[in-house]
>>> print(open('upload.pdb').read())   # PDB, C-alpha atoms and all ligand atoms
ATOM      1  CA  MET A   1      64.406  49.730  33.114  1.00  0.00           C
ATOM      2  CA  LYS A   2      64.912  53.468  33.261  1.00  0.00           C
ATOM      3  CA  ILE A   3      63.270  56.275  31.306  1.00  0.00           C
ATOM      4  CA  THR A   4      65.273  59.320  30.278  1.00  0.00           C
ATOM      5  CA  LEU A   5      65.381  61.905  27.508  1.00  0.00           C
ATOM      6  CA  ALA A   6      67.080  60.643  24.337  1.00  0.00           C
ATOM      7  CA  GLN A   7      70.220  62.407  23.119  1.00  0.00           C
ATOM      8  CA  ILE A   8      71.684  62.899  19.638  1.00  0.00           C
ATOM      9  CA  ALA A   9      74.111  60.017  20.356  1.00  0.00           C
ATOM     10  CA  ASP A  10      71.044  57.693  20.450  1.00  0.00           C
ATOM     11  CA  ALA A  11      69.980  58.518  16.863  1.00  0.00           C
ATOM     12  CA  LYS A  12      71.304  55.330  15.216  1.00  0.00           C
ATOM     13  CA  GLU A  13      69.841  52.978  17.840  1.00  0.00           C
ATOM     14  CA  LEU A  14      66.494  54.785  17.756  1.00  0.00           C
ATOM     15  CA  ALA A  15      66.383  54.555  13.939  1.00  0.00           C
ATOM     16  CA  GLU A  16      66.979  50.781  14.092  1.00  0.00           C
ATOM     17  CA  LEU A  17      64.150  50.437  16.578  1.00  0.00           C
ATOM     18  CA  ALA A  18      61.843  52.635  14.475  1.00  0.00           C
ATOM     19  CA  ALA A  19      62.525  50.466  11.403  1.00  0.00           C
ATOM     20  CA  SER A  20      61.527  47.274  13.237  1.00  0.00           C
ATOM     21  CA  ASN A  21      57.759  47.400  12.595  1.00  0.00           C
ATOM     22  CA  ASN A  22      55.111  48.637  10.163  1.00  0.00           C
ATOM     23  CA  TYR A  23      53.270  51.093  12.368  1.00  0.00           C
ATOM     24  CA  SER A  24      56.008  53.471  13.470  1.00  0.00           C
ATOM     25  CA  ALA A  25      57.418  56.365  11.476  1.00  0.00           C
ATOM     26  CA  HIS A  26      60.632  55.005   9.905  1.00  0.00           C
ATOM     27  CA  TRP A  27      62.860  57.978  10.666  1.00  0.00           C
ATOM     28  CA  SER A  28      66.479  57.581   9.522  1.00  0.00           C
ATOM     29  CA  PRO A  29      69.443  58.234  11.854  1.00  0.00           C
ATOM     30  CA  SER A  30      69.762  61.719  10.335  1.00  0.00           C
ATOM     31  CA  ALA A  31      66.027  62.348  10.800  1.00  0.00           C
ATOM     32  CA  PHE A  32      66.439  61.444  14.493  1.00  0.00           C
ATOM     33  CA  THR A  33      69.504  63.677  14.709  1.00  0.00           C
ATOM     34  CA  SER A  34      67.626  66.689  13.351  1.00  0.00           C
ATOM     35  CA  GLU A  35      64.538  65.908  15.463  1.00  0.00           C
ATOM     36  CA  LEU A  36      66.674  65.703  18.615  1.00  0.00           C
ATOM     37  CA  GLY A  37      68.224  69.061  17.740  1.00  0.00           C
ATOM     38  CA  LEU A  38      64.868  70.846  17.697  1.00  0.00           C
ATOM     39  CA  PRO A  39      63.893  72.770  20.839  1.00  0.00           C
ATOM     40  CA  ALA A  40      60.244  71.816  20.153  1.00  0.00           C
ATOM     41  CA  ALA A  41      60.953  68.068  20.090  1.00  0.00           C
ATOM     42  CA  LYS A  42      61.327  65.631  22.976  1.00  0.00           C
ATOM     43  CA  ILE A  43      62.046  61.916  22.717  1.00  0.00           C
ATOM     44  CA  TYR A  44      61.823  59.747  25.820  1.00  0.00           C
ATOM     45  CA  LYS A  45      63.677  56.422  25.758  1.00  0.00           C
ATOM     46  CA  ALA A  46      63.328  53.312  27.908  1.00  0.00           C
ATOM     47  CA  THR A  47      66.651  51.569  28.534  1.00  0.00           C
ATOM     48  CA  ASN A  48      67.204  48.084  29.912  1.00  0.00           C
ATOM     49  CA  THR A  49      69.531  48.826  32.822  1.00  0.00           C
ATOM     50  CA  SER A  50      71.266  45.419  32.634  1.00  0.00           C
ATOM     51  CA  THR A  51      72.086  45.485  28.901  1.00  0.00           C
ATOM     52  CA  ASN A  52      72.025  49.265  28.283  1.00  0.00           C
ATOM     53  CA  ILE A  53      69.888  48.591  25.174  1.00  0.00           C
ATOM     54  CA  ILE A  54      67.048  50.976  24.259  1.00  0.00           C
ATOM     55  CA  VAL A  55      63.853  48.900  24.418  1.00  0.00           C
ATOM     56  CA  GLY A  56      61.387  51.626  23.451  1.00  0.00           C
ATOM     57  CA  PHE A  57      60.876  55.301  22.782  1.00  0.00           C
ATOM     58  CA  VAL A  58      58.123  57.855  22.382  1.00  0.00           C
ATOM     59  CA  ALA A  59      58.530  61.138  20.503  1.00  0.00           C
ATOM     60  CA  PHE A  60      56.618  64.404  20.816  1.00  0.00           C
ATOM     61  CA  ARG A  61      56.527  67.826  19.186  1.00  0.00           C
ATOM     62  CA  LEU A  62      55.631  70.498  21.731  1.00  0.00           C
ATOM     63  CA  SER A  63      53.632  73.615  21.109  1.00  0.00           C
ATOM     64  CA  PRO A  64      52.321  74.380  24.628  1.00  0.00           C
ATOM     65  CA  PRO A  65      49.559  74.019  25.641  1.00  0.00           C
ATOM     66  CA  GLN A  66      49.525  71.284  22.975  1.00  0.00           C
ATOM     67  CA  ALA A  67      51.877  68.474  22.069  1.00  0.00           C
ATOM     68  CA  GLU A  68      51.684  65.880  19.312  1.00  0.00           C
ATOM     69  CA  LEU A  69      52.834  62.311  19.839  1.00  0.00           C
ATOM     70  CA  THR A  70      54.779  61.715  16.611  1.00  0.00           C
ATOM     71  CA  ASN A  71      56.317  58.262  17.054  1.00  0.00           C
ATOM     72  CA  LEU A  72      56.223  55.328  19.485  1.00  0.00           C
ATOM     73  CA  VAL A  73      57.916  51.937  19.323  1.00  0.00           C
ATOM     74  CA  VAL A  74      58.711  49.109  21.708  1.00  0.00           C
ATOM     75  CA  GLN A  75      61.286  46.456  20.783  1.00  0.00           C
ATOM     76  CA  LYS A  76      59.661  43.181  19.667  1.00  0.00           C
ATOM     77  CA  THR A  77      61.264  41.130  22.479  1.00  0.00           C
ATOM     78  CA  SER A  78      59.986  43.569  25.123  1.00  0.00           C
ATOM     79  CA  LEU A  79      56.318  43.776  24.080  1.00  0.00           C
ATOM     80  CA  ARG A  80      53.492  43.368  26.617  1.00  0.00           C
ATOM     81  CA  GLN A  81      55.760  44.116  29.570  1.00  0.00           C
ATOM     82  CA  GLY A  82      54.410  47.584  30.263  1.00  0.00           C
ATOM     83  CA  VAL A  83      57.206  49.476  28.469  1.00  0.00           C
ATOM     84  CA  ALA A  84      54.870  51.691  26.395  1.00  0.00           C
ATOM     85  CA  ALA A  85      52.627  52.366  29.397  1.00  0.00           C
ATOM     86  CA  LYS A  86      55.640  53.426  31.495  1.00  0.00           C
ATOM     87  CA  LEU A  87      56.980  55.624  28.683  1.00  0.00           C
ATOM     88  CA  LEU A  88      53.633  57.400  28.298  1.00  0.00           C
ATOM     89  CA  ALA A  89      53.111  57.882  32.034  1.00  0.00           C
ATOM     90  CA  PHE A  90      56.622  59.347  32.425  1.00  0.00           C
ATOM     91  CA  ALA A  91      56.299  61.536  29.321  1.00  0.00           C
ATOM     92  CA  PHE A  92      52.920  62.967  30.328  1.00  0.00           C
ATOM     93  CA  GLU A  93      54.261  64.029  33.745  1.00  0.00           C
ATOM     94  CA  ASP A  94      57.260  65.721  32.124  1.00  0.00           C
ATOM     95  CA  LEU A  95      55.104  67.378  29.445  1.00  0.00           C
ATOM     96  CA  LYS A  96      52.755  68.716  32.147  1.00  0.00           C
ATOM     97  CA  ALA A  97      55.785  70.314  33.773  1.00  0.00           C
ATOM     98  CA  ASN A  98      56.449  71.905  30.346  1.00  0.00           C
ATOM     99  CA  LYS A  99      53.007  73.579  30.307  1.00  0.00           C
ATOM    100  CA  VAL A 100      51.438  70.997  27.986  1.00  0.00           C
ATOM    101  CA  LYS A 101      47.755  70.351  28.659  1.00  0.00           C
ATOM    102  CA  GLU A 102      46.582  68.469  25.560  1.00  0.00           C
ATOM    103  CA  ILE A 103      48.094  65.594  23.567  1.00  0.00           C
ATOM    104  CA  THR A 104      47.063  64.686  20.018  1.00  0.00           C
ATOM    105  CA  LEU A 105      48.134  61.751  17.871  1.00  0.00           C
ATOM    106  CA  GLU A 106      47.263  59.881  14.695  1.00  0.00           C
ATOM    107  CA  VAL A 107      47.029  56.103  14.742  1.00  0.00           C
ATOM    108  CA  ASN A 108      46.210  53.590  12.009  1.00  0.00           C
ATOM    109  CA  VAL A 109      42.641  52.368  12.599  1.00  0.00           C
ATOM    110  CA  ASN A 110      43.910  48.784  12.115  1.00  0.00           C
ATOM    111  CA  ASN A 111      46.581  49.076  14.807  1.00  0.00           C
ATOM    112  CA  LYS A 112      44.773  47.248  17.614  1.00  0.00           C
ATOM    113  CA  PRO A 113      47.639  47.194  20.168  1.00  0.00           C
ATOM    114  CA  ALA A 114      48.144  50.959  19.890  1.00  0.00           C
ATOM    115  CA  LEU A 115      44.390  51.704  19.916  1.00  0.00           C
ATOM    116  CA  ASN A 116      44.047  49.633  23.104  1.00  0.00           C
ATOM    117  CA  LEU A 117      47.037  51.356  24.669  1.00  0.00           C
ATOM    118  CA  TYR A 118      45.693  54.849  23.928  1.00  0.00           C
ATOM    119  CA  GLY A 119      42.206  53.808  25.053  1.00  0.00           C
ATOM    120  CA  LYS A 120      43.705  52.701  28.358  1.00  0.00           C
ATOM    121  CA  PHE A 121      45.192  56.203  28.707  1.00  0.00           C
ATOM    122  CA  ALA A 122      41.737  57.719  28.049  1.00  0.00           C
ATOM    123  CA  PHE A 123      42.503  59.124  24.595  1.00  0.00           C
ATOM    124  CA  LYS A 124      39.307  59.775  22.613  1.00  0.00           C
ATOM    125  CA  THR A 125      38.927  59.553  18.830  1.00  0.00           C
ATOM    126  CA  VAL A 126      37.868  62.988  17.612  1.00  0.00           C
ATOM    127  CA  ASN A 127      38.134  62.452  13.844  1.00  0.00           C
ATOM    128  CA  ILE A 128      38.939  59.891  11.157  1.00  0.00           C
ATOM    129  CA  ARG A 129      41.452  60.911   8.487  1.00  0.00           C
ATOM    130  CA  LYS A 130      40.675  58.915   5.334  1.00  0.00           C
ATOM    131  CA  ASN A 131      43.599  57.266   3.508  1.00  0.00           C
ATOM    132  CA  PHE A 132      46.073  58.975   5.841  1.00  0.00           C
ATOM    133  CA  TYR A 133      48.457  56.006   5.594  1.00  0.00           C
ATOM    134  CA  ASN A 134      48.351  55.226   1.869  1.00  0.00           C
ATOM    135  CA  LYS A 135      45.042  53.273   1.745  1.00  0.00           C
ATOM    136  CA  GLU A 136      44.441  52.984   5.478  1.00  0.00           C
ATOM    137  CA  ASP A 137      42.635  55.484   7.668  1.00  0.00           C
ATOM    138  CA  ALA A 138      43.979  57.249  10.742  1.00  0.00           C
ATOM    139  CA  ALA A 139      42.104  57.998  13.927  1.00  0.00           C
ATOM    140  CA  LEU A 140      42.939  61.440  15.292  1.00  0.00           C
ATOM    141  CA  MET A 141      42.990  61.015  19.072  1.00  0.00           C
ATOM    142  CA  LEU A 142      43.100  63.561  21.851  1.00  0.00           C
ATOM    143  CA  LYS A 143      43.638  63.601  25.593  1.00  0.00           C
ATOM    144  CA  GLN A 144      43.876  66.297  28.243  1.00  0.00           C
ATOM    145  CA  ILE A 145      46.692  65.781  30.719  1.00  0.00           C
TER
HETATM  146  C1  LIG B 201      51.743  49.706  20.569  1.00  0.00           C
HETATM  147  C2  LIG B 201      53.029  49.355  21.324  1.00  0.00           C
HETATM  148  C3  LIG B 201      53.894  50.597  21.448  1.00  0.00           C
HETATM  149  C4  LIG B 201      52.628  48.818  22.738  1.00  0.00           C
HETATM  150  O1  LIG B 201      53.829  48.593  23.476  1.00  0.00           O
HETATM  151  P1  LIG B 201      53.894  47.601  24.757  1.00  0.00           P
HETATM  152  O2  LIG B 201      55.086  47.997  25.546  1.00  0.00           O
HETATM  153  O3  LIG B 201      53.817  46.199  24.295  1.00  0.00           O
HETATM  154  O4  LIG B 201      52.560  47.983  25.531  1.00  0.00           O
HETATM  155  P2  LIG B 201      52.295  47.734  27.105  1.00  0.00           P
HETATM  156  O5  LIG B 201      52.901  46.429  27.501  1.00  0.00           O
HETATM  157  O6  LIG B 201      52.693  48.933  27.862  1.00  0.00           O
HETATM  158  O7  LIG B 201      50.721  47.576  27.092  1.00  0.00           O
HETATM  159  C5  LIG B 201      49.835  48.569  27.594  1.00  0.00           C
HETATM  160  C6  LIG B 201      48.439  48.287  27.061  1.00  0.00           C
HETATM  161  O8  LIG B 201      48.397  48.420  25.632  1.00  0.00           O
HETATM  162  C7  LIG B 201      47.479  47.468  25.081  1.00  0.00           C
HETATM  163  N1  LIG B 201      48.199  46.506  24.235  1.00  0.00           N
HETATM  164  C8  LIG B 201      49.552  46.436  24.072  1.00  0.00           C
HETATM  165  N2  LIG B 201      49.855  45.443  23.205  1.00  0.00           N
HETATM  166  C9  LIG B 201      48.697  44.888  22.825  1.00  0.00           C
HETATM  167  C10 LIG B 201      48.375  43.814  21.953  1.00  0.00           C
HETATM  168  N3  LIG B 201      49.313  43.128  21.291  1.00  0.00           N
HETATM  169  N4  LIG B 201      47.068  43.507  21.778  1.00  0.00           N
HETATM  170  C11 LIG B 201      46.099  44.180  22.421  1.00  0.00           C
HETATM  171  N5  LIG B 201      46.347  45.215  23.286  1.00  0.00           N
HETATM  172  C12 LIG B 201      47.630  45.555  23.484  1.00  0.00           C
HETATM  173  C13 LIG B 201      46.852  46.775  26.256  1.00  0.00           C
HETATM  174  O9  LIG B 201      45.718  47.535  26.644  1.00  0.00           O
HETATM  175  C14 LIG B 201      47.948  46.880  27.288  1.00  0.00           C
HETATM  176  O10 LIG B 201      47.501  46.755  28.611  1.00  0.00           O
HETATM  177  P3  LIG B 201      47.457  45.287  29.284  1.00  0.00           P
HETATM  178  O11 LIG B 201      48.793  44.650  29.019  1.00  0.00           O
HETATM  179  O12 LIG B 201      47.176  45.595  30.713  1.00  0.00           O
HETATM  180  O13 LIG B 201      46.354  44.569  28.569  1.00  0.00           O
HETATM  181  C15 LIG B 201      53.822  48.216  20.610  1.00  0.00           C
HETATM  182  O14 LIG B 201      52.936  47.170  20.276  1.00  0.00           O
HETATM  183  C16 LIG B 201      54.542  48.658  19.344  1.00  0.00           C
HETATM  184  O15 LIG B 201      55.700  49.083  19.378  1.00  0.00           O
HETATM  185  N6  LIG B 201      53.841  48.553  18.198  1.00  0.00           N
HETATM  186  C17 LIG B 201      54.432  48.929  16.916  1.00  0.00           C
HETATM  187  C18 LIG B 201      54.558  50.446  16.768  1.00  0.00           C
HETATM  188  C19 LIG B 201      53.238  51.172  16.974  1.00  0.00           C
HETATM  189  O16 LIG B 201      52.170  50.684  16.692  1.00  0.00           O
HETATM  190  N7  LIG B 201      53.354  52.425  17.449  1.00  0.00           N
HETATM  191  C20 LIG B 201      52.224  53.275  17.681  1.00  0.00           C
HETATM  192  C21 LIG B 201      52.089  54.208  16.515  1.00  0.00           C
HETATM  193  S1  LIG B 201      50.757  55.374  16.735  1.00  0.00           S
END
>>> encode(input="upload.pdb", output="structure tokens", more="lines below")
Ligand SMILES: CC(C)(COP(=O)(O)OP(=O)(O)OC[C@H]1O[C@@H](n2cnc3c(N)ncnc32)[C@H](O)[C@@H]1OP(=O)(O)O)[C@@H](O)C(=O)NCCC(=O)NCCS
Amino acid sequence: MKITLAQIADAKELAELAASNNYSAHWSPSAFTSELGLPAAKIYKATNTSTNIIVGFVAFRLSPPQAELTNLVVQKTSLRQGVAAKLLAFAFEDLKANKVKEITLEVNVNNKPALNLYGKFAFKTVNIRKNFYNKEDAALMLKQI
């Protein structure tokens, strides 16, 4: 597996991946295309080097010294193999090099896998946003990098 920055040519594949579960933001191919065109956005992708298929991605909006994690998905058949952990570790190093010192994110309070993942990376819940996802609450989490 290798981790690199996503390009506009990846928009369709990323959109298919984003649509594959309930907890990610379901950005369309054109939403990915415009996101990837923004200087303030960075999307890191994990690619299976044997098949060349994108198995996960994580997206950020940068406003140094802050950045917001805006989307994260790992392909269903690649779960629990450390893909998300590798994506985050790689992204945080690159963001540090881009003068980012603090990461924020919102996560559904019922999304146990993601809450565990962020807990493992020492994110702390700093606020609860009521009914942020229709009727479900979001935890606003923060971490210094
Ligand atoms: C959350 C998600 C990105 C994790 O991806 P992953 O590649 O399977 O995660 P990793 O294998 O890197 O796991 C890292 C840690 O996350 C936690 N974790 C991941 N999946 C978990 C699960 N199903 N149950 C409990 N904890 C889990 C664990 O702490 C795990 O460490 P461990 O394997 O040593 O116990 C993935 O489940 C996913 O795509 N979910 C749907 C989209 C989503 O929720 N995005 C986040 C939006 S804020």
>>> resolve_selection(input="upload.pdb", expression="the PyMOL selection byres (((chain A and resi 28) around 10) and not hetatm)", output="number ranges by chain")
A: 11-12, 14-16, 18-19, 25-27, 29-34
>>> closest_atom_pairs(input="upload.pdb", of="chain A", to="ligand LIG 201 (chain B)", cutoff="6 Å", atoms="only C-alpha atoms and all ligand atoms", output="tab-separated table")
residue	atom	partner	partner_atom	distance
A:Asn21	CA	B:LIG201	C17	5.7
A:Tyr23	CA	B:LIG201	O16	4.5
A:Ser24	CA	B:LIG201	C18	4.7
A:Asn71	CA	B:LIG201	C21	5.9
A:Leu72	CA	B:LIG201	N7	4.6
A:Val73	CA	B:LIG201	O15	3.6
A:Val74	CA	B:LIG201	O15	3.8
A:Leu79	CA	B:LIG201	O3	3.5
A:Arg80	CA	B:LIG201	O5	3.2
A:Gln81	CA	B:LIG201	O5	4.2
A:Gly82	CA	B:LIG201	O6	3.2
A:Val83	CA	B:LIG201	O2	3.9
A:Ala84	CA	B:LIG201	O2	3.8
A:Ala85	CA	B:LIG201	O6	3.8
A:Val107	CA	B:LIG201	S1	4.3
A:Lys112	CA	B:LIG201	C11	5.9
A:Pro113	CA	B:LIG201	C9	3.7
A:Ala114	CA	B:LIG201	C1	3.9
A:Asn116	CA	B:LIG201	O9	4.4
A:Leu117	CA	B:LIG201	O8	3.4
A:Lys120	CA	B:LIG201	O9	5.8
>>> residues_around(input="upload.pdb", residues="Thr70 (chain A)", least_positions_apart="6", cutoff="10 Å", atoms="only C-alpha atoms", output="number ranges by chain")
A: 24-25, 41-43, 58-61, 104-107
>>> resolve_selection(input="upload.pdb", expression="the PyMOL selection byres (((chain A and resi 142) around 6) and not hetatm)", output="list in words")
Ile103, Thr104, Phe123, Lys124, Met141 and Lys143 of chain A
>>> closest_residue(input="upload.pdb", among="A:Lys2, A:Asn108, A:Lys76, A:Tyr133", to="Thr51 (chain A)", atoms="all atoms listed in the file")
A:Lys2
>>> atom_distance(input="upload.pdb", atom1="CA of Leu36 (chain A)", atom2="CA of Asn131 (chain A)")
28.8 Å
>>> closest_residue(input="upload.pdb", among="A:Ala40, A:Ala46, A:Gln7, A:Phe90", to="Ile145 (chain A)", atoms="only C-alpha atoms")
A:Phe90
>>> atom_distance(input="upload.pdb", atom1="CA of Asn134 (chain A)", atom2="CA of Phe57 (chain A)")
24.4 Å
>>> closest_residue(input="upload.pdb", among="A:Gln75, A:Thr125, A:Ser50, A:Ser63", to="Ser20 (chain A)", atoms="all atoms listed in the file")
A:Gln75
>>> atom_distance(input="upload.pdb", atom1="CA of Glu68 (chain A)", atom2="CA of Pro39 (chain A)")
14.1 Å
>>> closest_residue(input="upload.pdb", among="A:Leu88, A:Ile3, A:Ala139, A:Leu62", to="Leu115 (chain A)", atoms="all atoms listed in the file")
A:Ala139
>>> axis_aligned_box(input="upload.pdb", around="region 52-57 of chain A", padding_each_side="8 Å", output="AutoDock Vina command-line options")
--center_x 66.5 --center_y 51.9 --center_z 25.5 --size_x 27.1 --size_y 22.7 --size_z 21.5
>>> resolve_selection(input="upload.pdb", expression="the PyMOL selection byres (((chain A and resi 6) around 7) and not hetatm)", output="list of chain:residue names")
A:Thr4, A:Leu5, A:Gln7, A:Ile8, A:Asp10, A:Ile43, A:Tyr44, A:Lys45
>>> residues_near_point(input="upload.pdb", point="(44.4, 50.2, 10.9)", cutoff="7 Å", atoms="all atoms listed in the file", output="PyMOL selection string")
chain A and resi 108-111+136-137
>>> closest_residue(input="upload.pdb", among="A:Ile53, A:Lys130, A:Val100, A:Asp94", to="Thr77 (chain A)", atoms="all atoms listed in the file")
A:Ile53
